[in-house]
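Asker: Following this message is one structure expressed as structure tokens.
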Amino acid sequence: MPVSVIPFGPQHPVLPEPIHLKLTVEDEVIREAVPALGYVHRGLEKLAEIRDFQQMIQIVERVCGICSMMHSLCYVQGIEAMMGIEVPPRAKYLRVIWAELHRMHSHLLWLGLFADSFGFESLFMEIWKIREKIMDLQEATTGNRVIVSVNVIGGVRRDLSPEQQRMILTTLKDVEDEVRRLEKTLLDDYTIKKRTKGKGVLRSDQALELGCVGPVLRGSGVAKDTRLLGYAAYNELSFQPVVEPDGDCHARGKVRYREVLQSIDLIRQALSKLPDGELSASVRGRPEGEGTARVEQPRGELFYYIRADGGRQLSRVRIRTPTFANLPALVTMLPGVYLSDVPVVVMSIDPCISCTER
Amino acid sequence: MFSMAPSLMRNFFSKKATRRYPQVARPPFADARGELTNDAALCTFCGVCAAKCPSQCIRVDKKSVSWQYDPFACIYCGICVENCKAKSLRMHPHYRPPTVVHEIIVLHGKAPGAVSRKD
């Protein structure tokens, strides 16, 4: 059969963000996929040269619209480690609560988009309806729906009052009921299984070799989760990484679905153990030296490298986002799948292109 | 058919998931960061808000005693409000209505040391 080359993206109905894939197709079957990036580069790392290290918190929050909390968390943890600041225990627990709320809304957003990628519109709407409750929780507790802006160097800016804690718990109960009601559809539906099972298979050895992170790695049966490092208050909470052995699109969806329930459990644990005390430690001086920080973002491991020379501005901030680590896996998954399954496979790594290009 | 019936009935009798937005608006949350205002009578024009602002949407000119704010550049982080010693800056929970005019808010104050005279 003759081969033809089909451009997929950068503007495509299934893609929320621009990524271009050059697909070499032989009789509707993908033989090769070459990704091209660079459509939404904003140069946020370069801004470190003109904004001071405190203002950079608000800059890094804008690297990603979905996981802004994780970016600022990773950045402030890097600076705190460099300056030797001990974060008060209450702040650590509050960080966990907001981080897990973020993970929930990100995973629900993705589950909706995933349903959209195989044309299940009513499921997409149903999931986003649940997600809206989390967005309201974020607005009520932090002041903003998406860019929550709660982290400062040394702690957090906001506290949770007893009423807000009760509000979180009652909303989580509703969310849990509604998410569990969708379980049968999401994981056992005939059509969904037909569209996702056995599509874009990534074996565990391939996933490790390609350096995959997050749900893509865990969906291939590797129990790795950066939260196990015990940053913030994760070392005092009990949880096990969610692992699915199959390595296909269905397994990756299942991992994210189960992680929503895991996040609900983690927030409940954190709220039950929430200690009293200060919200932030005092910060004196300026950061000097170099350091790295890692946190588990909804899409996987987020990595920050920070170098400072004692001035107001940092001399270098390097951000490696999980989608960057998962793109090689996408190129490995695509050969062999049908052209009509490409949107499902592309969505299954949860691509966040603005994150990747910064 | 029988598996769909319960969800059909639920959808008929349950509350609507959406609201008719412009007519029915959800009341804002008390701590939401909706709109930034400055009280010129309290403001000392010290310029701390302008120095701390990550998006540089506030400009303070001490000579002409003016405070200039670009709501379109503002990212509503609330850093300025936290650092305002005179407590003249405030965040209100209501969001600014959409507009097609790029409005820049300029407030003028009295020159430092000037004493207001009562007639």
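Labels for the structure tokens follow display order: chains A, B, ..., residues from 1 in each chain, ligands from 1.
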May I have the residues within 8 Å of Leu334 in chain A as a ChimeraX atom specification, using only C-alpha atoms and disregarding those fewer than 3 positions away in the same chain?

Answerer: /A:30-33,200,330-331,337,342,345

Asker: Write out, as an mmCIF file, in the first residue's frame, the residues just selected, with C-alpha atoms.

Answerer:
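Result went into selection-v1.cif, see below:
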```
data_model
loop_
_atom_site.group_PDB
_atom_site.id
_atom_site.type_symbol
_atom_site.label_atom_id
_atom_site.label_comp_id
_atom_site.auth_asym_id
_atom_site.auth_seq_id
_atom_site.Cartn_x
_atom_site.Cartn_y
_atom_site.Cartn_z
ATOM 1 C CA ILE A 30 -0.400 4.729 11.559
ATOM 2 C CA ARG A 31 3.151 3.749 10.699
ATOM 3 C CA GLU A 32 5.001 6.739 12.168
ATOM 4 C CA ALA A 33 4.140 9.816 14.208
ATOM 5 C CA GLY A 200 -2.087 2.546 22.400
ATOM 6 C CA LEU A 330 2.930 8.939 22.617
ATOM 7 C CA VAL A 331 5.250 8.504 19.646
ATOM 8 C CA VAL A 337 -3.374 2.154 15.720
ATOM 9 C CA VAL A 342 -5.527 8.733 17.211
ATOM 10 C CA VAL A 345 -4.591 7.731 22.176
#
```

Asker: Which polymer residues have any atom within 8 Å of an atom of range 174-184 of chain A, counting only C-alpha atoms, with same-chain residues fewer than 3 positions away left out, as a list in words?

Answerer: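 In the requested form, the answer reads Ile127, Ile130, Lys133, Thr170, Thr171, Leu187, Asp188, Asp189, Leu261 and Ile264 of chain A.
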
Asker: Please save C-alpha atoms of the selected residues as a short mmCIF file (atom, residue, chain, number, x, y, z; two decimals), in the first residue's frame.

Answerer:
```cif
data_model
loop_
_atom_site.label_atom_id
_atom_site.label_comp_id
_atom_site.auth_asym_id
_atom_site.auth_seq_id
_atom_site.Cartn_x
_atom_site.Cartn_y
_atom_site.Cartn_z
CA ILE A 127 -18.41 14.67 34.41
CA ILE A 130 -19.37 17.18 38.88
CA LYS A 133 -18.59 21.56 42.39
CA THR A 170 -20.27 17.78 52.46
CA THR A 171 -19.38 18.65 48.85
CA LEU A 187 -15.18 1.33 33.26
CA ASP A 188 -17.66 -1.28 31.98
CA ASP A 189 -19.52 0.29 29.08
CA LEU A 261 -11.48 8.69 44.70
CA ILE A 264 -11.22 12.44 48.14
#
```

Asker: Apply DSSP to the structure's backbone, then extract all residues of chain B labelled strand (DSSP E) and return them as a PyMOL selection string.

Answerer: chain B and resi 35-38+58-61+66-69+89-92+105-108

Asker: When DSSP works through the backbone of this structure, what residues of range 1-71 of chain B end up as alpha helix (DSSP H), shown as JSON, numbers by chain?

Answerer: {"B": [5, 6, 7, 8, 9, 10, 11, 12, 13, 48, 49, 50, 51, 52]}

Asker: Tell me, as a list of chain:residue names, which residues lie within 10 Å of Ile79 in chain B, counting only C-alpha atoms; anything in the same chain fewer than 6 positions away does not count.

Answerer: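 Result of the neighbour search: A:Gln55, A:Gln58, A:Ser149, A:Arg157, B:Cys49, B:Lys52, B:Cys53, B:Pro54.
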
Asker: Using only C-alpha atoms, which chain B residues lie at most 8 Å away from chain A, written as a ChimeraX atom specification?

Answerer: /B:17,29-33,52-54,77

Asker: For the atom pair CA of Val25 in chain A and CA of Leu339 in chain A, what is the interatomic distance in Å to one decimal place?

Answerer: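 Separation between CA of Val25 in chain A and CA of Leu339 in chain A: 7.7 Å.
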
Asker: Closest to Asn83 in chain B among B:Ala51, B:Ala40, B:Met9, B:Ala25, using only C-alpha atoms?

Answerer: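 Smallest separation from Asn83 in chain B among the options: B:Ala51.
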
Asker: Using only C-alpha atoms, find the one residue out of A:Gln269, A:Thr323, A:Ser280, A:Val146 that sits nearest to Leu217 in chain A.

Answerer: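 Closest residue, counting only C-alpha atoms: A:Thr323.
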
Asker: Closest to Gln68 in chain B among B:Leu36, B:Ile104, B:Val81, B:Ala41, using only C-alpha atoms?

Answerer: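 Nearest candidate to Gln68 in chain B out of B:Leu36, B:Ile104, B:Val81, B:Ala41: B:Ile104.
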
Asker: Could you pull the residues within 8 Å of Gly9 in chain A, counting only C-alpha atoms, minus those fewer than 4 positions along the same chain, as number ranges by chain?

Answerer: A: 15, 18-21

Asker: Using Å and a single decimal, report how far CA of Cys355 in chain A sits from CA of Tyr76 in chain B.

Answerer: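 Here the two named atoms are 21.2 Å from each other.
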
Asker: With only C-alpha atoms as the counted atoms, please give the residues lying no more than 8 Å from Glu26 in chain A, apart from itself and same-chain residues fewer than 2 positions off, as a PyMOL selection string.

Answerer: chain A and resi 1-4+24+28-31

Asker: Can I get the selection written as an mmCIF file, in the first residue's frame, with C-alpha atoms?

Answerer:
```cif
data_model
loop_
_atom_site.group_PDB
_atom_site.id
_atom_site.type_symbol
_atom_site.label_atom_id
_atom_site.label_comp_id
_atom_site.auth_asym_id
_atom_site.auth_seq_id
_atom_site.Cartn_x
_atom_site.Cartn_y
_atom_site.Cartn_z
ATOM 1 C CA MET A 1 0.000 0.000 0.000
ATOM 2 C CA PRO A 2 1.237 3.510 -0.713
ATOM 3 C CA VAL A 3 1.921 5.627 2.332
ATOM 4 C CA SER A 4 0.501 9.099 2.809
ATOM 5 C CA THR A 24 2.522 8.600 8.191
ATOM 6 C CA GLU A 28 -5.596 3.920 7.689
ATOM 7 C CA VAL A 29 -2.990 2.414 10.035
ATOM 8 C CA ILE A 30 -0.400 4.729 11.559
ATOM 9 C CA ARG A 31 3.151 3.749 10.699
#
```

Asker: With distances taken over only C-alpha atoms, which of A:Gly112, A:Gly230, A:Pro10, A:Pro245 is nearest to Met347 in chain A?

Answerer: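 Among the listed residues, the smallest separation from Met347 in chain A belongs to A:Gly112.
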
Asker: From the list A:Ala308, A:Ile6, A:Leu228, A:Val216, which residue is nearest Val243 in chain A when using only C-alpha atoms?

Answerer: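 Of the candidates, the smallest distance to Val243 in chain A is held by A:Val216.
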
Asker: Skip range 202-211 of chain A itself and residues of its chain fewer than 2 positions away, then list as a list in words all residues within 9 Å of it, counting only C-alpha atoms.

Answerer: Gly200, Val213, Val216, Leu217, Arg218, Gly219, Ser220, Gly221, Val222, Pro245, Asp246, Gly247, Asp248, Ala325, Asn326, Pro328, Ala329, Thr332 and Met333 of chain A

Asker: Go through A:Thr356, A:Gln313, A:Ser272, A:Ser117 and flag the residue nearest Leu327 in chain A, using only C-alpha atoms for the distances.

Answerer: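 For Leu327 in chain A, the nearest of the given residues is A:Thr356.
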
Asker: Would you list the contacts of Arg256 in chain A as a JSON list (two decimals) with C-alpha atoms, in the first residue's frame, taking every protein, DNA or RNA residue within 8 Å and counting only C-alpha atoms, but skipping same-chain residues closer than 4 positions in sequence?

Answerer:
```
[["chain", "number", "residue", "atom", "x", "y", "z"],
["A", 107, "HIS", "CA", -8.72, 14.43, 36.45],
["A", 111, "LEU", "CA", -12.22, 12.24, 32.05],
["A", 215, "PRO", "CA", -0.87, 8.03, 35.26],
["A", 252, "ARG", "CA", -4.91, 5.02, 31.92],
["A", 260, "VAL", "CA", -10.19, 10.97, 41.93]]
```
